[in-house]
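Structure data (compact mmCIF, C-alpha atoms) from entry08.txt:
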# COMPACT_ATOMS: atom_id res chain seq x y z
CA MET A 1 -35.87 -133.86 126.39
CA ALA A 2 -35.22 -134.82 122.76
CA THR A 3 -33.98 -138.27 122.02
CA TYR A 4 -32.44 -139.88 118.94
CA ILE A 5 -34.17 -142.96 117.57
CA PRO A 6 -32.15 -144.89 114.94
CA THR A 7 -34.06 -145.69 111.78
CA ARG A 8 -32.44 -149.10 111.62
CA PRO A 9 -31.93 -151.56 114.45
CA VAL A 10 -28.34 -151.92 115.54
CA HIS A 11 -28.53 -155.72 115.48
CA ASP A 12 -29.30 -155.61 111.74
CA ILE A 13 -25.85 -154.25 110.97
CA GLY A 14 -23.50 -157.06 110.10
CA HIS A 15 -26.21 -159.69 109.31
CA ASP A 16 -26.85 -158.79 105.70
CA GLN A 17 -23.68 -156.79 104.99
CA ASN A 18 -20.40 -155.87 106.60
CA PRO A 19 -19.99 -152.41 108.10
CA PRO A 20 -18.22 -149.96 105.82
CA MET A 21 -14.44 -149.93 106.15
CA PRO A 22 -12.39 -146.73 106.09
CA PRO A 23 -10.57 -146.18 102.81
CA ARG A 24 -6.98 -147.35 102.69
CA GLY A 25 -4.43 -145.07 101.20
CA SER A 26 -1.47 -145.77 98.98
CA GLY A 27 1.13 -144.92 101.62
CA ASP A 28 3.75 -147.26 102.96
CA ASP A 29 1.75 -148.07 106.10
CA GLY A 30 -1.66 -148.10 104.39
CA ARG A 31 -3.02 -145.39 106.66
CA ASN A 32 -2.18 -142.25 104.73
CA GLU A 33 -3.87 -140.98 101.64
CA TYR A 34 -0.55 -140.16 99.98
CA PRO A 35 2.79 -142.03 99.89
CA ASN A 36 5.05 -141.36 102.83
CA TYR A 37 7.92 -139.75 100.95
CA GLY A 38 9.70 -138.80 104.16
CA ALA A 39 10.05 -142.45 105.15
CA ARG A 40 11.13 -143.34 101.62
CA LEU A 41 13.82 -140.69 101.69
CA ARG A 42 15.15 -141.96 105.01
CA ARG A 43 15.25 -145.53 103.74
CA ALA A 44 16.97 -144.43 100.54
CA ARG A 45 19.61 -142.54 102.51
CA LEU A 46 20.19 -145.56 104.73
CA GLY A 47 20.68 -147.73 101.66
CA LEU A 48 23.07 -145.15 100.23
CA ILE A 49 25.12 -145.17 103.44
CA CYS A 50 25.40 -148.96 103.26
CA GLY A 51 26.52 -148.71 99.65
CA MET A 52 29.12 -146.04 100.44
CA ILE A 53 30.49 -148.15 103.28
CA THR A 54 30.90 -151.06 100.86
CA VAL A 55 32.71 -148.89 98.32
CA SER A 56 34.90 -147.42 101.08
CA MET A 57 35.92 -150.89 102.24
CA LEU A 58 36.90 -151.77 98.66
CA PHE A 59 39.19 -148.76 98.34
CA ILE A 60 40.59 -149.27 101.83
CA SER A 61 41.55 -152.79 100.78
CA LEU A 62 43.17 -151.46 97.60
CA THR A 63 45.04 -148.86 99.66
CA SER A 64 46.38 -151.50 102.03
CA ALA A 65 47.53 -153.63 99.11
CA TYR A 66 49.09 -150.55 97.47
CA ILE A 67 51.12 -149.61 100.55
CA VAL A 68 52.16 -153.17 101.41
CA ARG A 69 53.16 -154.06 97.83
CA ARG A 70 55.21 -150.87 97.59
CA GLY A 71 57.49 -152.00 100.42
CA LEU A 72 57.84 -155.65 99.38
CA PRO A 73 60.90 -156.77 97.40
CA THR A 74 60.76 -159.39 94.67
CA PHE A 75 62.97 -162.48 94.57
CA ASP A 76 65.06 -162.92 91.40
CA THR A 77 65.50 -166.63 90.65
CA VAL A 78 68.36 -165.93 88.23
CA LYS A 79 70.50 -163.78 90.51
CA GLN A 80 69.20 -165.55 93.63
CA GLY A 81 68.52 -162.31 95.42
CA TYR A 82 65.87 -159.74 96.23
CA PHE A 83 65.38 -156.52 94.34
CA ARG A 84 62.88 -153.68 94.36
CA ASP A 85 60.67 -153.77 91.28
CA TRP A 86 58.12 -151.15 92.34
CA GLY A 87 59.14 -148.57 89.76
CA GLU A 88 57.93 -144.99 89.39
CA VAL A 89 55.32 -143.70 86.96
CA PRO A 90 55.62 -140.07 85.77
CA LEU A 91 52.04 -138.89 86.06
CA PRO A 92 50.48 -136.00 84.09
CA TRP A 93 49.91 -133.88 87.18
CA LEU A 94 48.53 -130.86 85.30
CA LEU A 95 45.87 -132.94 83.57
CA LEU A 96 44.99 -134.72 86.81
CA GLY A 97 44.72 -131.35 88.55
CA ILE A 98 42.32 -130.08 85.87
CA ASN A 99 40.25 -133.25 86.28
CA THR A 100 40.12 -132.66 90.02
CA ALA A 101 38.92 -129.08 89.52
CA ILE A 102 36.21 -130.31 87.11
CA LEU A 103 34.96 -132.91 89.58
CA LEU A 104 34.90 -130.45 92.49
CA THR A 105 32.97 -127.97 90.35
CA SER A 106 30.47 -130.68 89.44
CA SER A 107 30.01 -131.40 93.13
CA LEU A 108 29.04 -127.75 93.65
CA THR A 109 26.54 -127.81 90.78
CA MET A 110 25.09 -131.07 92.07
CA GLU A 111 24.58 -129.46 95.46
CA GLY A 112 22.79 -126.63 93.70
CA ALA A 113 20.44 -129.16 92.11
CA ARG A 114 19.80 -130.81 95.48
CA ARG A 115 18.99 -127.54 97.24
CA ASN A 116 16.81 -126.38 94.38
CA ILE A 117 14.62 -129.49 94.41
CA ALA A 118 14.43 -129.42 98.22
CA ARG A 119 13.18 -125.82 98.11
CA ARG A 120 10.63 -126.62 95.42
CA ALA A 121 9.37 -129.60 97.41
CA ALA A 122 8.98 -127.41 100.50
CA LEU A 123 7.01 -124.79 98.55
CA ALA A 124 4.80 -127.32 96.73
CA PRO A 125 2.08 -127.38 99.46
CA VAL A 126 1.90 -123.58 99.40
CA LYS A 127 1.53 -123.50 95.63
CA SER A 128 -1.36 -125.96 95.83
CA ILE A 129 -3.46 -123.47 97.83
CA PRO A 130 -6.06 -121.81 95.56
CA GLY A 131 -5.36 -118.16 94.96
CA VAL A 132 -1.73 -118.33 96.15
CA SER A 133 0.98 -117.56 93.61
CA LEU A 134 4.69 -117.40 94.25
CA GLY A 135 5.50 -116.02 90.83
CA ASP A 136 7.28 -117.63 87.91
CA GLU A 137 10.51 -119.36 88.84
CA LYS A 138 13.42 -119.75 86.44
CA ASN A 139 15.09 -123.05 87.17
CA PHE A 140 18.83 -123.17 86.52
CA PRO A 141 19.90 -126.43 84.77
CA TRP A 142 22.07 -127.61 87.66
CA LEU A 143 21.60 -131.30 86.90
CA ALA A 144 22.37 -131.02 83.19
CA ILE A 145 25.57 -129.06 83.90
CA THR A 146 26.64 -131.69 86.43
CA VAL A 147 26.16 -134.46 83.86
CA ILE A 148 28.29 -132.55 81.36
CA LEU A 149 31.02 -131.99 83.95
CA GLY A 150 30.89 -135.66 84.91
CA PHE A 151 31.48 -136.71 81.30
CA GLY A 152 34.23 -134.09 81.14
CA PHE A 153 35.97 -135.69 84.11
CA LEU A 154 35.78 -139.15 82.51
CA LEU A 155 37.17 -137.73 79.27
CA GLY A 156 39.99 -136.12 81.21
CA GLN A 157 40.78 -139.43 82.90
CA TRP A 158 40.86 -141.12 79.50
CA LEU A 159 43.31 -138.48 78.28
CA ALA A 160 45.43 -138.99 81.40
CA TRP A 161 45.60 -142.74 80.78
CA GLY A 162 46.60 -142.03 77.18
CA GLU A 163 49.35 -139.70 78.38
CA ILE A 164 50.68 -142.35 80.75
CA LYS A 165 50.71 -144.90 77.93
CA ALA A 166 52.49 -142.40 75.66
CA ARG A 167 55.25 -142.22 78.26
CA GLY A 168 55.71 -145.97 77.99
CA PHE A 169 53.87 -147.14 81.11
CA PHE A 170 51.14 -149.75 80.75
CA VAL A 171 49.17 -151.85 83.20
CA ASN A 172 51.85 -154.56 83.36
CA THR A 173 54.91 -152.28 83.21
CA ASN A 174 55.51 -152.29 86.97
CA PRO A 175 53.46 -152.61 90.18
CA ASP A 176 53.15 -148.83 90.54
CA ALA A 177 51.56 -148.52 87.11
CA SER A 178 49.25 -151.45 87.80
CA PHE A 179 47.91 -149.87 90.99
CA ILE A 180 47.49 -146.44 89.39
CA TYR A 181 45.43 -147.89 86.58
CA LEU A 182 43.44 -150.02 89.03
CA LEU A 183 42.63 -147.21 91.47
CA THR A 184 41.69 -144.64 88.85
CA ALA A 185 39.68 -147.12 86.76
CA ALA A 186 37.75 -148.37 89.80
CA HIS A 187 36.87 -144.79 90.71
CA ALA A 188 35.83 -144.01 87.13
CA LEU A 189 33.58 -147.08 87.10
CA HIS A 190 31.79 -146.03 90.29
CA LEU A 191 31.54 -142.45 89.03
CA THR A 192 29.88 -143.71 85.84
CA GLY A 193 27.19 -145.20 88.08
CA GLY A 194 26.62 -141.74 89.51
CA ILE A 195 26.20 -140.27 86.01
CA ILE A 196 23.63 -142.96 85.19
CA ALA A 197 21.77 -142.05 88.40
CA MET A 198 21.78 -138.37 87.38
CA ILE A 199 20.36 -139.23 83.96
CA TRP A 200 17.61 -141.22 85.67
CA ALA A 201 16.88 -138.27 87.96
CA GLY A 202 16.55 -136.08 84.88
CA ILE A 203 14.17 -138.59 83.29
CA THR A 204 11.93 -138.45 86.38
CA SER A 205 11.63 -134.70 85.82
CA LEU A 206 10.79 -135.15 82.14
CA LEU A 207 8.13 -137.72 83.07
CA GLN A 208 6.56 -135.19 85.47
CA ARG A 209 6.86 -137.49 88.47
CA PRO A 210 5.68 -136.10 91.83
CA ILE A 211 8.00 -133.45 93.19
CA GLU A 212 8.86 -135.54 96.27
CA ALA A 213 9.80 -138.54 94.11
CA ARG A 214 12.10 -136.31 92.09
CA ARG A 215 13.56 -134.95 95.30
CA ILE A 216 14.45 -138.45 96.50
CA ALA A 217 16.20 -139.28 93.21
CA ILE A 218 18.22 -136.06 93.15
CA ASP A 219 19.00 -136.09 96.88
CA ILE A 220 20.45 -139.61 96.85
CA THR A 221 22.38 -138.94 93.65
CA ALA A 222 23.80 -135.71 95.08
CA TRP A 223 25.15 -137.32 98.23
CA TYR A 224 26.66 -140.17 96.19
CA TRP A 225 28.30 -137.64 93.88
CA HIS A 226 29.79 -135.76 96.81
CA PHE A 227 31.14 -139.07 98.04
CA MET A 228 32.76 -139.68 94.63
CA ALA A 229 34.43 -136.25 94.81
CA VAL A 230 35.83 -136.93 98.28
CA LEU A 231 36.97 -140.39 97.17
CA TRP A 232 38.86 -138.93 94.22
CA ILE A 233 40.63 -136.41 96.48
CA TYR A 234 41.68 -139.38 98.62
CA ILE A 235 43.00 -141.32 95.60
CA PHE A 236 44.77 -138.23 94.23
CA ALA A 237 46.50 -137.67 97.58
CA LEU A 238 47.40 -141.36 97.81
CA ILE A 239 49.16 -141.57 94.47
CA ALA A 240 50.79 -138.16 95.03
CA PHE A 241 52.32 -138.70 98.47
CA VAL A 242 52.64 -142.48 98.88
CA ARG A 243 55.31 -142.95 96.22
What does this structure look like when you write it as structure tokens?
Amino acid sequence: MATYIPTRPVHDIGHDQNPPMPPRGSGDDGRNEYPNYGARLRRARLGLICGMITVSMLFISLTSAYIVRRGLPTFDTVKQGYFRDWGEVPLPWLLLGINTAILLTSSLTMEGARRNIARRAALAPVKSIPGVSLGDEKNFPWLAITVILGFGFLLGQWLAWGEIKARGFFVNTNPDASFIYLLTAAHALHLTGGIIAMIWAGITSLLQRPIEARRIAIDITAWYWHFMAVLWIYIFALIAFVR
């Protein structure tokens, strides 16, 4: 029967050098050869949810203050009595409606960008196989169109504020005007953050980052943008019906 005789005694291993260690990868847990993008995506989505909850609490607080202040009278020290100083602001409903349509359209184009990058990430392993070709793909500029629509919405909001001012209503005109400016400006500020995130996602594509890294950037930005669209519908309904 054949036997195996080692060419080096076992007890010699470890005396003059340490046994070879398996290579460590660059993944999150140090065990994989490649970064664990799935875990990164889950962590990024969890962080996004926490951020959206924080923003939601802010607007819930503003809504509570809006409704409560609307029903509170103000005491007049001269006449020694209470009076209602809430006031009414004539809003440019047509312009606000156009802005709403622009933002909803941008939400659709952003979803197109998210699904496109998810499909490309799923097909990336297949494309890496030698001899396999899926043909030339023509990528539609979903992300660029969304950025343009986002700037269009901000421009429309600026025009709406100008129209309100032209009608003689400023931030300090009455409480109704103050809250309208506050709600719409707070939403525009958070939406600007979404546009910055989209620009960063586009830069990752220009820098030829790994497809999964680009997917994380676009996926998180897309869900945040959808949240901004839903939040605007909520604000639009609030100022339309709670008056």
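In this comparison, which uses all atoms listed in the file, the residue of A:Leu183, A:Leu207, A:Ile218, A:Ala113 approaching Pro141 of chain A most closely is A:Ala113.
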Which residue gives the smallest distance to Val230 of chain A among A:Val126, A:Trp142, A:Glu212, A:His187, with all atoms listed in the file counted?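 Once distances to Val230 of chain A are computed over all atoms listed in the file, the minimum belongs to A:His187.
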Atom CA of Ile220 of chain A and atom CA of Arg45 of chain A, how far apart in Å?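 Going from atom CA of Arg45 of chain A over to atom CA of Ile220 of chain A covers 6.4 Å.
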For Ile117 of chain A, work out the shell of residues within 8 Å, counting all atoms listed in the file and skipping chain neighbours fewer than 6 positions away, then give it as a PyMOL selection string. chain A and resi 211+214-215+218
To one decimal place, how far is atom CA of Ala229 of chain A from atom CA of Phe169 of chain A in Å?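 Between these atoms lies a distance of 26.2 Å.
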What does the distance from atom CA of Ile235 of chain A to atom CA of Ile180 of chain A come to in Å, to one decimal?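 Taking atom CA of Ile235 of chain A and atom CA of Ile180 of chain A, their separation equals 9.2 Å.
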Which residue is closest to Cys50 of chain A? Choose from A:Trp232, A:Asp85, A:Tyr224, A:Phe170 and count all atoms listed in the file.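 Of the candidates, the smallest distance to Cys50 of chain A is held by A:Tyr224.
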